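Just below is one structure, and these are the notes that go with it.
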Amino acid sequence: MKYQILSNKWRPQSFNQIIGHKYIINILKNSLDLQRIHQSWLFSGMHGVGKTTIARILAKSLNCNNGITSQPCRICKNCISIEKGNFLDVIELDAASKTKVEDIKTILDSTKYPPITGRFKIYLIDEIHMLSKNSFNALLKILEEPPKYIKFILATTHVKKIPNTIISRCLHIHLSAITNKHISNYLNDKLKKENIHINKEILDLISNSAQGSIRDAINTLELIMCSNNNKLIKKKTINQLLGTFGKKKILLLAKNIITNNIDDTLKIIDDAEQQGIQYNNIVLSLITFFHHLSIVKIASSQKKYLTDKLSEYDKIIYTLSKKILFKDIQIYCKILIQGEKYIRYAPNPKIGIEIILFQIYQYIIDKHNI
Ligand SMILES: Nc1ncnc2c1ncn2[C@@H]1O[C@H](COP(=O)(O)OP(=O)(O)OP(=O)(O)O)[C@@H](O)[C@H]1O
Ligand SMILES: [Mg+2]
Ligand SMILES: [Zn+2]
């Protein structure tokens with residue numbers, strides 16, 4: 001049986017299947033329909049947000065047999081073979097394995113030859129930031145004035161490592177992280193079509209942990225689907241898989257911090273180690289929690305705030321928000337955000353998180369002159 005991983009199976013094949021990046025997709029579609037075609041594009045952005053996917057759709061749009069179009073037909077010979085990845089005039093290269101100037105020169109030599117069957121010969125170069133200085137220099141000239149039948153589509157996760165001279169010769173398009181809501185709705189739609197039922201709350205957990213990357217979210221989903229053999233998926237299993245504490249545990253931890261209960265705070269940190277929870281995830285969850293607490297504090301200071309309509313969880317948050325000053329929540333957030341690096345640099349992550357918590361504790365002691 002030939003199994004195709006979900007992220008490949010679900011890879012969008014046309015612009016209207018792309019999630020997020022609304023304005024960018026609009027610009028790309030308009031430029032194709034108006035035939036205002038640049039010679040080179042540079043897509044930047046974090047991993048798994050659609051750089052390669054959009055680059056391939058663009059390559060198809062430029063080479064569809066029905067003409068340059070924002071809606072490639074997907075049934076002509078060119079479209080089919082681009083989708084299969086065997087179209088001779090769309091050349092995909094990974095710059096990470098071709099960093100040397102000799103490699104780039106070989107590629108540049110091949111630009112002398114026009115396309116075989118396509119309208120354009122398109123070089124799709126991934127991880128472009130990995131090129132050496134000499135390789136970038138070798139690319140400059142051709143990027144400035146390539147033969148009419150050549151197009152370059154470059155992609156990178158590290159745009160800051162690319163010389164400005166290269167960037168300014170391309171149409172630079174930055175793809176932002178995808179919002180949690182977009183990812184969660186996307187997973188929900190996809191699963192519905194596959195006839196798989198997974199609770200929306202669980203999809204939200206997956207989306208939050210993906211931090212903007214659709215590929216990461218799909219991969220976590222796949223892991224979860226394999227972990228339980230289609231039986232009911234429990235939130236606890238998901239949290240264990242993601243290495244995070246659930247909502248209730250984070251609430252308990254925050255409560256202990258706010259009420260200055262250092263013994264119980266450290267006990268929760270000890271337990272986390274045994275449960276395989278990642279400490280950086282705890283810090284991120286605490287930041288999110290205190291941010292939410294700030295919002296509840298602001299909202300509840302207004303007359304219109306109706307506590308009887310709150311969920312049980314939000315009622316607890318509301319009660320907790322009365323026990324802390326807004327200013328103090330901001331100081332906790334600041335300590336947590338600035339302290340995140342301790343997890344990386346401390347001798348081990350547990351020491352790192354304990355240092356962060358000691359700093360909050362120190363602030364409380366100083367404040368009350370204990
Ligand atoms: N914007 C998007 N809309 C829909 N699906 C997406 C999107 N971005 C990514 N995906 C999904 O994630 C998979 C990987 O996307 P893609 O290869 O385009 O990411 P990338 O940005 O090139 O990542 P990398 O930097 O790791 O190369 C796709 O096959 C698709 O299933
Ligand atoms: Mg890619
Ligand atoms: Zn076509």
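Numbering starts fresh at 1 for the residues of each chain in the structure tokens, the chains themselves are lettered A, B, ... in the order given, and ligands are numbered from 1 as they appear.
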Within 12 Å of Glu83 in chain A, counting only C-alpha atoms, which residues qualify if same-chain residues fewer than 3 places away don't, as JSON, numbers by chain?
{"A": [8, 9, 11, 12, 13, 14, 53, 55, 56, 57, 58, 59, 60, 61, 63, 64, 72, 73, 74, 75, 76, 77, 78, 79, 80, 86, 87, 88, 90]}
Neighbours of Ile166 in chain A within 10 Å (only C-alpha atoms; same-chain residues fewer than 3 positions away dropped), as JSON, numbers by chain?
{"A": [42, 136, 137, 139, 140, 141, 143, 144, 162, 163, 169, 170, 172]}
Do you have the CA of Ile18 in chain A-atom 10 (N, counted along the ligand's line) of ligand 1 distance handy?
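Pair CA of Ile18 in chain A / atom 10 (N, counted along the ligand's line) of ligand 1 returns 7.5 Å.
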Between CA of Ile183 in chain A and CA of Tyr279 in chain A, what is the distance, to one decimal in Å?
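Atom-to-atom, CA of Ile183 in chain A and CA of Tyr279 in chain A are spaced 24.4 Å apart.
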Please write out the residues within 9 Å of ligand 1 as a PyMOL selection string, counting only C-alpha atoms and all ligand atoms.
chain A and resi 6-12+15+17-21+43-56+126-127+155-157+175+177-178+183+186+213-219
Taking into account only C-alpha atoms, which residue in the set A:Asp33, A:Ile337, A:Gly118, A:Thr69 is nearest to Ser81 in chain A?
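Result for the nearest residue to Ser81 in chain A: A:Gly118.
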Tell me, counting only C-alpha atoms, for each residue of range 142-196 of chain A within 10 Å of range 108-117 of chain A, which pair of atoms is nearest and how far apart they are in Å to one decimal, in rows ordered by chain and increasing number, as CSV.
```
residue,atom,partner,partner_atom,distance
A:Ile142,CA,A:Leu108,CA,7.7
A:Pro146,CA,A:Thr111,CA,8.4
A:Pro147,CA,A:Thr111,CA,7.8
A:Lys148,CA,A:Pro114,CA,9.3
A:Tyr149,CA,A:Pro114,CA,6.4
A:Ile150,CA,A:Thr111,CA,7.0
A:Lys151,CA,A:Thr111,CA,9.7
```
Just-selected residues, N, CA and C atoms written as a PDB file, in the first residue's frame:
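Result file is part_15.pdb:
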```pdb
ATOM      1  N   ILE A 142      22.726  37.453 -13.369  1.00  0.00           N
ATOM      2  CA  ILE A 142      21.602  36.785 -14.049  1.00  0.00           C
ATOM      3  C   ILE A 142      20.250  37.203 -13.444  1.00  0.00           C
ATOM      4  N   PRO A 146      17.883  38.298 -16.556  1.00  0.00           N
ATOM      5  CA  PRO A 146      17.905  36.936 -17.089  1.00  0.00           C
ATOM      6  C   PRO A 146      17.342  36.913 -18.508  1.00  0.00           C
ATOM      7  N   PRO A 147      17.664  35.888 -19.314  1.00  0.00           N
ATOM      8  CA  PRO A 147      17.006  35.754 -20.617  1.00  0.00           C
ATOM      9  C   PRO A 147      15.485  35.740 -20.397  1.00  0.00           C
ATOM     10  N   LYS A 148      14.730  36.176 -21.393  1.00  0.00           N
ATOM     11  CA  LYS A 148      13.265  36.338 -21.230  1.00  0.00           C
ATOM     12  C   LYS A 148      12.562  35.041 -20.824  1.00  0.00           C
ATOM     13  N   TYR A 149      13.146  33.921 -21.221  1.00  0.00           N
ATOM     14  CA  TYR A 149      12.479  32.636 -20.956  1.00  0.00           C
ATOM     15  C   TYR A 149      12.874  32.045 -19.590  1.00  0.00           C
ATOM     16  N   ILE A 150      13.703  32.767 -18.824  1.00  0.00           N
ATOM     17  CA  ILE A 150      14.135  32.244 -17.510  1.00  0.00           C
ATOM     18  C   ILE A 150      13.419  32.982 -16.378  1.00  0.00           C
ATOM     19  N   LYS A 151      12.964  32.219 -15.381  1.00  0.00           N
ATOM     20  CA  LYS A 151      12.400  32.831 -14.167  1.00  0.00           C
ATOM     21  C   LYS A 151      13.050  32.181 -12.952  1.00  0.00           C
TER      22      LYS A 151
END
```
Where does DSSP see helix (DSSP H, G or I) in range 85-184 of chain A, if you list the residues as number ranges by chain?
A: 95-97, 101-110, 128-130, 133-144, 159-161, 164-167, 180-184
Among range 107-227 of chain A, which ones does DSSP place in strand (DSSP E or B), written as a PyMOL selection string?
chain A and resi 121-126+150-156+171-174
By how many Å are CA of Lys22 in chain A and CA of Ser70 in chain A apart?
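Going from CA of Lys22 in chain A over to CA of Ser70 in chain A covers 14.1 Å.
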So which residues touch range 239-252 of chain A within 10 Å, counting only C-alpha atoms, skipping near sequence neighbours fewer than 3 positions away, as a PyMOL selection string?
chain A and resi 202+205-206+209-210+220+223-224+227+234-236+255-258+264-265+268+272+275-286+288-290+313+316-317+320
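Using only C-alpha atoms, the nearest neighbour of Lys29 in chain A within the list A:Asn65, A:Gln71, A:Gln330, A:Ser97 is A:Gln71.
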